[in-house]
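Student: Got a structure for you, data-v6.cif, holding mmCIF, C-alpha atoms and all ligand atoms.
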data_start
#
loop_
_atom_site.label_atom_id
_atom_site.label_comp_id
_atom_site.auth_asym_id
_atom_site.auth_seq_id
_atom_site.Cartn_x
_atom_site.Cartn_y
_atom_site.Cartn_z
CA MET A 1 126.77 5.96 135.10
CA GLU A 2 128.37 9.36 135.47
CA GLU A 3 127.20 12.08 133.09
CA HIS A 4 129.98 13.88 131.23
CA ALA A 5 130.05 17.57 132.15
CA SER A 6 129.95 18.71 128.50
CA LEU A 7 126.62 16.90 128.00
CA ARG A 8 124.83 18.74 130.78
CA PRO A 9 122.76 21.82 129.92
CA ALA A 10 124.59 25.08 130.58
CA ALA A 11 123.90 26.62 133.92
CA THR A 12 121.48 29.50 133.83
CA ASP A 13 122.96 32.91 134.42
CA GLY A 14 119.81 34.91 134.87
CA GLY A 15 119.86 36.04 131.22
CA THR A 16 123.19 37.86 131.50
CA THR A 17 124.70 36.04 128.52
CA GLY A 18 121.69 36.84 126.36
CA ARG A 19 121.76 40.53 127.30
CA GLU A 20 125.51 40.72 126.65
CA ALA A 21 125.04 39.11 123.22
CA GLU A 22 122.20 41.52 122.40
CA THR A 23 124.35 44.49 123.43
CA THR A 24 127.23 43.23 121.30
CA ILE A 25 124.93 42.84 118.29
CA LEU A 26 123.52 46.35 118.75
CA VAL A 27 127.05 47.81 118.97
CA LEU A 28 128.07 45.96 115.81
CA LEU A 29 124.98 47.09 113.89
CA ALA A 30 125.67 50.71 114.83
CA ASP A 31 129.23 50.52 113.50
CA PRO A 32 129.57 52.74 110.39
CA GLU A 33 131.49 50.08 108.48
CA VAL A 34 128.84 47.45 109.19
CA ARG A 35 126.12 49.90 108.07
CA ARG A 36 128.08 50.70 104.89
CA LEU A 37 128.46 46.99 104.10
CA GLY A 38 124.75 46.44 104.77
CA GLU A 39 123.86 49.17 102.28
CA GLU A 40 126.30 47.72 99.76
CA ILE A 41 124.67 44.28 100.11
CA ARG A 42 121.19 45.82 99.75
CA LEU A 43 122.19 47.58 96.53
CA GLU A 44 123.82 44.42 95.15
CA GLU A 45 120.68 42.39 95.92
CA LEU A 46 118.62 44.95 93.98
CA ARG A 47 121.10 45.02 91.09
CA LEU A 48 121.09 41.21 90.84
CA GLY A 49 117.31 41.10 91.23
CA LEU A 50 116.89 43.50 88.32
CA HIS A 51 119.41 41.55 86.24
CA LEU A 52 117.49 38.28 86.81
CA ARG A 53 114.03 39.76 86.21
CA ALA A 54 114.09 38.76 82.52
CA ARG A 55 114.72 35.16 83.55
CA TYR A 56 112.27 34.92 86.48
CA GLY A 57 109.60 37.54 85.76
CA ALA A 58 107.27 34.88 84.33
CA LEU A 59 107.49 32.99 87.63
CA GLN A 60 106.39 36.12 89.47
CA ASP A 61 103.36 36.26 87.17
CA ARG A 62 102.74 32.55 87.91
CA ARG A 63 102.86 33.18 91.66
CA GLU A 64 100.50 36.15 91.46
CA ARG A 65 98.06 34.13 89.34
CA ALA A 66 98.29 31.20 91.79
CA VAL A 67 97.52 33.54 94.70
CA ARG A 68 94.50 34.98 92.85
CA GLU A 69 93.19 31.58 91.79
CA GLY A 70 94.17 29.60 94.90
CA ASP A 71 96.33 27.19 92.89
CA HIS A 72 97.77 25.03 95.68
CA ALA A 73 99.90 22.94 93.29
CA VAL A 74 102.02 26.03 92.53
CA HIS A 75 102.26 27.00 96.21
CA GLN A 76 103.44 23.53 97.17
CA ARG A 77 106.44 23.55 94.85
CA VAL A 78 107.58 27.11 95.54
CA CYS A 79 110.84 27.60 97.46
CA PRO A 80 110.35 27.92 101.22
CA GLY A 81 112.99 30.70 101.28
CA LYS A 82 111.65 34.00 102.47
CA HIS A 83 112.80 36.94 104.42
CA GLY A 84 109.36 37.91 105.64
CA GLN A 85 110.83 40.53 107.94
CA TRP A 86 111.96 42.40 104.84
CA GLY A 87 108.88 41.59 102.78
CA ARG A 88 110.63 39.11 100.50
CA ILE A 89 109.22 35.80 99.34
CA CYS A 90 111.18 33.67 96.91
CA ILE A 91 109.01 32.68 93.95
CA LEU A 92 111.34 30.09 92.38
CA ASP A 93 110.69 26.36 92.61
CA ALA A 94 112.08 24.59 95.68
CA GLY A 95 115.55 23.13 95.24
CA HIS A 96 117.00 25.96 93.17
CA GLU A 97 119.47 27.12 95.86
CA SER A 98 122.42 25.12 94.56
CA ALA A 99 122.25 26.89 91.18
CA ASP A 100 120.52 30.24 91.71
CA PRO A 101 119.96 32.80 94.46
CA HIS A 102 116.50 33.31 95.91
CA TRP A 103 114.51 35.75 93.76
CA GLY A 104 111.33 37.71 94.33
CA VAL A 105 110.17 41.25 94.88
CA ASN A 106 110.67 43.35 97.97
CA ALA A 107 108.03 45.29 99.90
CA GLU A 108 108.45 48.19 97.45
CA GLY A 109 107.78 45.89 94.47
CA GLN A 110 111.40 45.97 93.26
CA PRO A 111 112.98 42.72 92.02
CA VAL A 112 115.50 41.43 94.54
CA ALA A 113 117.83 38.43 94.69
CA TRP A 114 119.53 37.14 97.81
CA VAL A 115 121.50 34.20 99.09
CA GLY A 116 121.29 32.37 102.37
CA SER A 117 118.48 32.17 104.84
CA ALA A 118 117.28 34.12 107.80
CA PRO A 119 115.85 33.18 111.18
CA ASP A 120 112.38 33.98 109.83
CA ASP A 121 112.73 31.33 107.09
CA ASP A 122 110.16 29.02 108.58
ZN ZN A 201 114.36 30.42 96.88
#
Have the structure of the file written as structure tokens, please.

Tutor:
Amino acid sequence: MEEHASLRPAATDGGTTGREAETTILVLLADPEVRRLGEEIRLEELRLGLHLRARYGALQDRRERAVREGDHAVHQRVCPGKHGQWGRICILDAGHESADPHWGVNAEGQPVAWVGSAPDDD
């Protein structure tokens, strides 16, 4: 049986495609408009995080108590969403994503809310 060409793995190019993609990403990230939008998103995540603190602050207390006391039942039902690279760990219960953004505190201890996932969500 003949294998269809589209099902074969792509030919290796010595990493050229990967380097070109990395260069393109670096150029995009250096663009002033992309940087401005990134800052705008960061500020909106902080604004929303602060707004939702009244609703979710008790869950932050629950998570901190569970960490201190080694309460595995709490850890098992917490959302797997995290942006560890930015020091964020969602403290809401798993399954909330269809109704609420992820919510937690950032590395500076500020409440932060965000949507979506990141490559380090594992
Ligand atoms: Zn979450």

Student: Which neighbours of A:Leu46 fall inside 9 Å, counting all atoms listed in the file, when residues of the same chain fewer than 3 positions from it are skipped, and could you give them as an MDAnalysis selection string?

Tutor: chainID A and resid 41:43 49:51 110:114

Student: List all protein, DNA and RNA residues that have an atom no more than 7 Å from any atom of ligand ZN 201 (chain A), counting only C-alpha atoms and all ligand atoms, and report them as a list in words.

Tutor: Cys79, Pro80, Gly81, Cys90, Ile91, Leu92, Asp93, Ala94, His96, Glu97, Pro101, His102 and Trp103 of chain A

Student: Have a look at atom CA of A:Glu44 and atom CA of A:Asp31 and let me know their distance in Å, one decimal.

Tutor: 20.1 Å

Student: Calculate how many Å separate atom CA of A:Gln76 from atom CA of A:Arg63, rounding to one decimal.

Tutor: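 These two atoms are separated by 11.1 Å.
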
Student: How far is it from atom CA of A:Arg88 to atom CA of A:Ala107, in Å with one decimal?

Tutor: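 It comes out at 6.7 Å.
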
Student: Got a minute to add N, CA and C atoms to stretch 21-49 of chain A and dump it as a compact mmCIF listing (two decimals), keeping the file's coordinate frame?

Tutor:
# COMPACT_ATOMS: atom_id res chain seq x y z
N ALA A 21 125.03 39.39 124.66
CA ALA A 21 125.04 39.11 123.22
C ALA A 21 124.21 40.16 122.48
N GLU A 22 123.06 40.51 123.04
CA GLU A 22 122.20 41.52 122.40
C GLU A 22 122.91 42.87 122.34
N THR A 23 123.60 43.24 123.41
CA THR A 23 124.35 44.49 123.43
C THR A 23 125.45 44.47 122.39
N THR A 24 126.16 43.36 122.29
CA THR A 24 127.23 43.23 121.30
C THR A 24 126.67 43.38 119.89
N ILE A 25 125.54 42.75 119.62
CA ILE A 25 124.93 42.84 118.29
C ILE A 25 124.53 44.28 118.00
N LEU A 26 123.94 44.96 118.96
CA LEU A 26 123.52 46.35 118.75
C LEU A 26 124.72 47.25 118.48
N VAL A 27 125.82 47.02 119.19
CA VAL A 27 127.05 47.81 118.97
C VAL A 27 127.58 47.56 117.56
N LEU A 28 127.58 46.29 117.15
CA LEU A 28 128.07 45.96 115.81
C LEU A 28 127.20 46.60 114.73
N LEU A 29 125.88 46.54 114.90
CA LEU A 29 124.98 47.09 113.89
C LEU A 29 125.09 48.61 113.78
N ALA A 30 125.52 49.25 114.84
CA ALA A 30 125.67 50.71 114.83
C ALA A 30 127.00 51.14 114.23
N ASP A 31 127.91 50.20 114.04
CA ASP A 31 129.23 50.52 113.50
C ASP A 31 129.09 51.04 112.06
N PRO A 32 129.71 52.17 111.74
CA PRO A 32 129.57 52.74 110.39
C PRO A 32 129.99 51.79 109.28
N GLU A 33 131.04 51.00 109.51
CA GLU A 33 131.49 50.08 108.48
C GLU A 33 130.47 48.96 108.25
N VAL A 34 129.87 48.48 109.32
CA VAL A 34 128.84 47.45 109.19
C VAL A 34 127.63 48.02 108.45
N ARG A 35 127.26 49.26 108.76
CA ARG A 35 126.12 49.90 108.07
C ARG A 35 126.44 50.10 106.58
N ARG A 36 127.69 50.51 106.29
CA ARG A 36 128.08 50.70 104.89
C ARG A 36 128.01 49.38 104.13
N LEU A 37 128.51 48.30 104.75
CA LEU A 37 128.46 46.99 104.10
C LEU A 37 127.02 46.53 103.92
N GLY A 38 126.17 46.80 104.89
CA GLY A 38 124.75 46.44 104.77
C GLY A 38 124.10 47.13 103.59
N GLU A 39 124.40 48.41 103.41
CA GLU A 39 123.86 49.17 102.28
C GLU A 39 124.42 48.63 100.96
N GLU A 40 125.69 48.27 100.97
CA GLU A 40 126.30 47.72 99.76
C GLU A 40 125.63 46.39 99.38
N ILE A 41 125.35 45.56 100.37
CA ILE A 41 124.67 44.28 100.11
C ILE A 41 123.26 44.55 99.58
N ARG A 42 122.56 45.49 100.19
CA ARG A 42 121.19 45.82 99.75
C ARG A 42 121.19 46.25 98.29
N LEU A 43 122.12 47.11 97.91
CA LEU A 43 122.19 47.58 96.53
C LEU A 43 122.56 46.45 95.57
N GLU A 44 123.44 45.56 96.00
CA GLU A 44 123.82 44.42 95.15
C GLU A 44 122.64 43.47 94.97
N GLU A 45 121.86 43.25 96.03
CA GLU A 45 120.68 42.39 95.92
C GLU A 45 119.67 42.99 94.93
N LEU A 46 119.53 44.30 94.93
CA LEU A 46 118.62 44.95 93.98
C LEU A 46 119.17 44.88 92.56
N ARG A 47 120.48 45.09 92.41
CA ARG A 47 121.10 45.02 91.09
C ARG A 47 120.93 43.62 90.50
N LEU A 48 121.22 42.59 91.30
CA LEU A 48 121.09 41.21 90.84
C LEU A 48 119.62 40.86 90.58
N GLY A 49 118.74 41.34 91.43
CA GLY A 49 117.31 41.10 91.23
C GLY A 49 116.82 41.66 89.91
